[in-house]
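A.B. asks: File structure.pdb below, PDB, C-alpha atoms:
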```
ATOM      1  CA  MET A   1      14.219  18.534 -10.204
ATOM      2  CA  ALA A   2      12.258  18.552 -13.440
ATOM      3  CA  LEU A   3       9.735  15.850 -14.146
ATOM      4  CA  PRO A   4      10.570  13.603 -17.100
ATOM      5  CA  GLU A   5       8.781  14.030 -20.387
ATOM      6  CA  LEU A   6       6.139  11.383 -20.891
ATOM      7  CA  PRO A   7       5.263   9.923 -24.281
ATOM      8  CA  ASP A   8       1.924  10.690 -25.869
ATOM      9  CA  PRO A   9      -0.706   8.094 -24.955
ATOM     10  CA  LEU A  10      -1.871   5.576 -27.510
ATOM     11  CA  PRO A  11      -5.164   6.338 -29.258
ATOM     12  CA  GLY A  12      -8.084   5.571 -26.965
ATOM     13  CA  GLU A  13      -6.014   5.685 -23.766
ATOM     14  CA  PRO A  14      -6.372   8.415 -21.145
ATOM     15  CA  PRO A  15      -3.547  10.961 -20.882
ATOM     16  CA  VAL A  16      -0.674  10.054 -18.579
ATOM     17  CA  HIS A  17       0.079  12.539 -15.817
ATOM     18  CA  PRO A  18       3.477  12.616 -14.129
ATOM     19  CA  ASP A  19       3.640  12.133 -10.375
ATOM     20  CA  GLU A  20       3.623  15.310  -8.359
ATOM     21  CA  ALA A  21       6.638  16.067  -6.203
ATOM     22  CA  THR A  22       6.592  14.632  -2.684
ATOM     23  CA  ARG A  23       9.062  14.911   0.194
ATOM     24  CA  VAL A  24       9.317  11.136   0.538
ATOM     25  CA  PRO A  25      10.092   9.650  -2.891
ATOM     26  CA  LEU A  26       7.336   7.604  -4.508
ATOM     27  CA  ALA A  27      10.029   5.243  -5.727
ATOM     28  CA  ILE A  28       9.947   3.610  -2.280
ATOM     29  CA  GLU A  29       6.502   2.132  -2.914
ATOM     30  CA  ASP A  30       7.400   1.329  -6.511
ATOM     31  CA  TRP A  31      10.491  -0.651  -5.513
ATOM     32  CA  LEU A  32       8.717  -2.380  -2.628
ATOM     33  CA  THR A  33       6.030  -3.465  -5.090
ATOM     34  CA  VAL A  34       8.651  -4.880  -7.444
ATOM     35  CA  ILE A  35      10.453  -6.704  -4.628
ATOM     36  CA  VAL A  36       7.264  -8.193  -3.137
ATOM     37  CA  MET A  37       5.986  -9.277  -6.558
ATOM     38  CA  ALA A  38       9.346 -10.900  -7.348
ATOM     39  CA  LEU A  39       9.336 -12.743  -4.006
ATOM     40  CA  LEU A  40       5.781 -13.939  -4.618
ATOM     41  CA  ALA A  41       6.691 -15.183  -8.086
ATOM     42  CA  LEU A  42       9.839 -16.961  -6.871
ATOM     43  CA  ILE A  43       8.127 -18.620  -3.913
ATOM     44  CA  THR A  44       5.189 -19.757  -6.010
ATOM     45  CA  PHE A  45       7.431 -21.011  -8.815
ATOM     46  CA  ALA A  46       9.599 -22.935  -6.350
ATOM     47  CA  ASN A  47       6.502 -24.535  -4.858
ATOM     48  CA  VAL A  48       5.213 -25.507  -8.316
ATOM     49  CA  LEU A  49       8.547 -27.115  -9.209
ATOM     50  CA  VAL A  50       8.721 -29.036  -5.934
ATOM     51  CA  ARG A  51       5.130 -30.248  -6.334
ATOM     52  CA  TYR A  52       5.749 -31.301  -9.929
ATOM     53  CA  PHE A  53       8.918 -33.257  -9.244
ATOM     54  CA  THR A  54       8.183 -34.670  -5.787
ATOM     55  CA  SER A  55       4.374 -34.615  -5.360
ATOM     56  CA  GLN A  56       5.077 -32.777  -2.093
ATOM     57  CA  SER A  57       4.590 -29.134  -1.175
ATOM     58  CA  PHE A  58       6.543 -26.595   0.821
ATOM     59  CA  ALA A  59       4.313 -25.915   3.826
ATOM     60  CA  TRP A  60       5.754 -22.478   4.366
ATOM     61  CA  THR A  61       4.987 -21.114   0.882
ATOM     62  CA  GLU A  62       1.277 -20.568   1.463
ATOM     63  CA  GLU A  63       1.835 -18.779   4.752
ATOM     64  CA  ILE A  64       4.524 -16.487   3.340
ATOM     65  CA  SER A  65       2.554 -15.873   0.129
ATOM     66  CA  ILE A  66      -0.512 -14.731   2.072
ATOM     67  CA  PHE A  67       1.657 -12.415   4.149
ATOM     68  CA  LEU A  68       3.312 -10.982   1.026
ATOM     69  CA  MET A  69      -0.063 -10.402  -0.654
ATOM     70  CA  ILE A  70      -1.216  -8.385   2.356
ATOM     71  CA  VAL A  71       2.018  -6.371   2.298
ATOM     72  CA  LEU A  72       1.554  -5.848  -1.443
ATOM     73  CA  ALA A  73      -1.978  -4.524  -0.937
ATOM     74  CA  LEU A  74      -0.786  -2.109   1.761
ATOM     75  CA  VAL A  75       2.177  -0.894  -0.314
ATOM     76  CA  ALA A  76      -0.094  -0.385  -3.324
ATOM     77  CA  GLY A  77      -2.559   1.457  -1.092
ATOM     78  CA  SER A  78       0.211   3.774   0.051
ATOM     79  CA  ALA A  79       1.216   4.474  -3.554
ATOM     80  CA  ALA A  80      -2.404   5.091  -4.543
ATOM     81  CA  VAL A  81      -2.917   7.576  -1.712
ATOM     82  CA  ALA A  82       0.348   9.387  -2.466
ATOM     83  CA  ARG A  83      -0.599   9.685  -6.141
ATOM     84  CA  ASN A  84      -4.205  10.658  -5.322
ATOM     85  CA  ARG A  85      -5.453   7.595  -7.211
ATOM     86  CA  GLN A  86      -7.522   6.119  -4.403
ATOM     87  CA  ILE A  87     -11.163   5.203  -4.909
ATOM     88  CA  ARG A  88     -13.436   8.211  -5.193
ATOM     89  CA  ILE A  89     -16.470   9.351  -7.116
ATOM     90  CA  GLU A  90     -14.779  11.248  -9.922
ATOM     91  CA  TYR A  91     -17.979  12.934 -11.037
ATOM     92  CA  PHE A  92     -17.917  14.931  -7.804
ATOM     93  CA  ALA A  93     -14.159  14.982  -7.201
ATOM     94  CA  ASP A  94     -13.088  16.217 -10.645
ATOM     95  CA  ASN A  95     -16.015  18.461 -11.667
ATOM     96  CA  GLY A  96     -17.298  21.779 -10.416
ATOM     97  CA  PRO A  97     -15.462  24.804  -9.143
ATOM     98  CA  GLU A  98     -11.831  24.469  -8.184
ATOM     99  CA  TRP A  99     -12.492  25.376  -4.541
ATOM    100  CA  ARG A 100     -14.940  22.444  -4.257
ATOM    101  CA  GLN A 101     -12.523  20.021  -5.914
ATOM    102  CA  ARG A 102      -9.808  21.145  -3.500
ATOM    103  CA  ALA A 103     -12.146  20.856  -0.497
ATOM    104  CA  LEU A 104     -13.272  17.354  -1.502
ATOM    105  CA  ALA A 105      -9.680  16.252  -2.115
ATOM    106  CA  ARG A 106      -8.642  17.550   1.302
ATOM    107  CA  PHE A 107     -11.670  15.954   2.982
ATOM    108  CA  GLY A 108     -10.919  12.594   1.335
ATOM    109  CA  ALA A 109      -7.246  12.766   2.326
ATOM    110  CA  LEU A 110      -8.190  13.665   5.895
ATOM    111  CA  MET A 111     -10.599  10.713   6.130
ATOM    112  CA  VAL A 112      -7.953   8.327   4.782
ATOM    113  CA  PHE A 113      -5.498   9.718   7.324
ATOM    114  CA  LEU A 114      -7.943   9.207  10.191
ATOM    115  CA  LEU A 115      -8.862   5.684   9.050
ATOM    116  CA  PHE A 116      -5.285   4.480   8.825
ATOM    117  CA  ALA A 117      -4.274   6.227  12.045
ATOM    118  CA  VAL A 118      -7.037   4.277  13.826
ATOM    119  CA  ILE A 119      -5.964   1.056  12.074
ATOM    120  CA  ALA A 120      -2.364   1.694  13.191
ATOM    121  CA  VAL A 121      -3.424   2.126  16.818
ATOM    122  CA  LEU A 122      -5.676  -0.936  16.834
ATOM    123  CA  SER A 123      -3.222  -3.169  14.986
ATOM    124  CA  THR A 124      -0.483  -2.146  17.425
ATOM    125  CA  ARG A 125      -2.642  -3.693  20.126
ATOM    126  CA  VAL A 126      -2.879  -6.894  18.067
ATOM    127  CA  VAL A 127       0.923  -7.009  17.763
ATOM    128  CA  TYR A 128       1.240  -6.463  21.511
ATOM    129  CA  ASP A 129      -1.170  -9.334  22.190
ATOM    130  CA  ASP A 130       0.689 -11.602  19.745
ATOM    131  CA  ILE A 131       3.938 -10.910  21.581
ATOM    132  CA  ARG A 132       2.409 -11.150  25.051
ATOM    133  CA  PHE A 133       0.667 -14.478  24.422
ATOM    134  CA  GLY A 134       3.480 -15.978  22.339
ATOM    135  CA  GLU A 135       1.286 -16.795  19.333
ATOM    136  CA  THR A 136       2.980 -18.874  16.648
ATOM    137  CA  SER A 137       1.955 -19.419  13.052
ATOM    138  CA  PRO A 138       0.296 -22.730  12.213
ATOM    139  CA  GLY A 139       2.368 -23.466   9.089
ATOM    140  CA  ILE A 140       5.947 -22.968  10.150
ATOM    141  CA  GLY A 141       5.720 -22.059  13.828
ATOM    142  CA  VAL A 142       7.336 -18.644  13.748
ATOM    143  CA  PRO A 143       6.032 -15.895  16.039
ATOM    144  CA  VAL A 144       2.888 -14.355  14.541
ATOM    145  CA  TRP A 145       4.072 -10.850  15.396
ATOM    146  CA  TRP A 146       6.665 -11.223  12.633
ATOM    147  CA  TYR A 147       3.699 -10.933  10.274
ATOM    148  CA  THR A 148       1.405  -8.609  12.208
ATOM    149  CA  ILE A 149       4.057  -5.969  12.945
ATOM    150  CA  TRP A 150       3.800  -4.794   9.344
ATOM    151  CA  MET A 151       0.150  -3.757   9.660
ATOM    152  CA  PRO A 152       0.787  -0.793  12.002
ATOM    153  CA  VAL A 153       3.982   0.090  10.123
ATOM    154  CA  MET A 154       2.244   0.218   6.750
ATOM    155  CA  SER A 155      -0.821   1.921   8.234
ATOM    156  CA  ILE A 156       1.418   4.691   9.554
ATOM    157  CA  ALA A 157       3.008   4.966   6.104
ATOM    158  CA  ILE A 158      -0.403   5.270   4.429
ATOM    159  CA  ALA A 159      -1.547   7.794   7.036
ATOM    160  CA  GLY A 160       1.617   9.791   6.374
ATOM    161  CA  ARG A 161       0.998   9.727   2.631
ATOM    162  CA  ALA A 162      -2.604  10.879   3.218
ATOM    163  CA  LEU A 163      -1.390  13.702   5.452
ATOM    164  CA  GLY A 164       1.079  14.753   2.757
ATOM    165  CA  LEU A 165      -1.714  14.726   0.174
ATOM    166  CA  PHE A 166      -3.897  16.803   2.524
ATOM    167  CA  ILE A 167      -1.115  19.388   2.848
ATOM    168  CA  ARG A 168      -0.363  19.435  -0.897
ATOM    169  CA  ARG A 169      -4.042  19.893  -1.756
ATOM    170  CA  GLY A 170      -4.227  22.820   0.653
ATOM    171  CA  ARG A 171      -1.582  24.801  -1.187
ATOM    172  CA  ARG A 172      -2.622  27.315  -3.795
ATOM    173  CA  PRO A 173      -1.518  26.389  -7.341
TER     174      PRO A 173
END
```
Re-express the file's structure as structure tokens.

C.D. replies:
Amino acid sequence: MALPELPDPLPGEPPVHPDEATRVPLAIEDWLTVIVMALLALITFANVLVRYFTSQSFAWTEEISIFLMIVLALVAGSAAVARNRQIRIEYFADNGPEWRQRALARFGALMVFLLFAVIAVLSTRVVYDDIRFGETSPGIGVPVWWYTIWMPVMSIAIAGRALGLFIRRGRRP
């Protein structure tokens, strides 16, 4: 599958690089971002309308909005790792011999993989404790594990994206 042609950047803007091919489509993160942002906008707008017309507030909107913002950050983190756009010191990562750039890219991807694998394991324990102790949310009283289950799931997704980046950076061009 050929990558689409991208338009020339506007004067003063950096060049736009197409996404590299991945086994798991990057469109997953893109669509999840769109869906979560739309839900956040709708929930917030509904709360604003209710407050304006009734001087009351939906109690559940804050709780769900905070959850959606965390999901949004994790989805965006997954997209950033898959696109190799995570935080790094570009002076070292993008300069010097190609073998060093490749080694630093692989090292960074490996560290991201290890970090999110550890987060997945530890957050699984949190989910287990939430289920075992029957924790409920303070705002609407639903089981807390409904929210916390997404932390290990998204951490595994980010770790998988980092592992894919590690493998792609290990290939010869």

A.B. asks: If you count all atoms listed in the file, which residues fall within 10 Å of region 112-119 of chain A, apart from same-chain ones fewer than 6 positions away, as a list of chain:residue names?

C.D. replies: A:Val81, A:Gln86, A:Arg106, A:Arg125, A:Met151, A:Pro152, A:Met154, A:Ser155, A:Ile156, A:Ala157, A:Ile158, A:Ala159, A:Gly160, A:Arg161, A:Ala162, A:Leu163, A:Gly164, A:Leu165, A:Phe166

A.B. asks: Given only C-alpha atoms as the basis, pick out the residue of A:Val121, A:Val75, A:Phe133, A:Ser55 nearest to Ile35 (chain A).

C.D. replies: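 Smallest distance to Ile35 (chain A) is found for A:Val75.
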
A.B. asks: When you draw a straight line from CA of Val127 (chain A) to CA of Val144 (chain A), how long is it in Å?

C.D. replies: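 Calculated distance between CA of Val127 (chain A) and CA of Val144 (chain A) is 8.3 Å.
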
A.B. asks: Identify all residues satisfying the PyMOL selection byres ((chain A and resi 57) around 12) in the given file; provide them as a list in words.

C.D. replies: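 Taken on the displayed file, the PyMOL selection byres ((chain A and resi 57) around 12) yields the residues Ile43, Thr44, Phe45, Ala46, Asn47, Val48, Leu49, Val50, Arg51, Tyr52, Phe53, Thr54, Ser55, Gln56, Phe58, Ala59, Trp60, Thr61, Glu62 and Gly139 of chain A.
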
A.B. asks: Using CA of Thr136 (chain A) and CA of Phe67 (chain A) as the two end points, give the distance in Å to one decimal.

C.D. replies: 14.1 Å

A.B. asks: Carefully work through the PyMOL selection byres ((chain A and resi 73) around 12) for this structure and note down the residues it includes, as a list of chain:residue names.

C.D. replies: A:Glu29, A:Leu32, A:Thr33, A:Val36, A:Met37, A:Ile66, A:Phe67, A:Leu68, A:Met69, A:Ile70, A:Val71, A:Leu72, A:Leu74, A:Val75, A:Ala76, A:Gly77, A:Ser78, A:Ala79, A:Ala80, A:Trp150, A:Met151, A:Met154, A:Ser155, A:Ile158
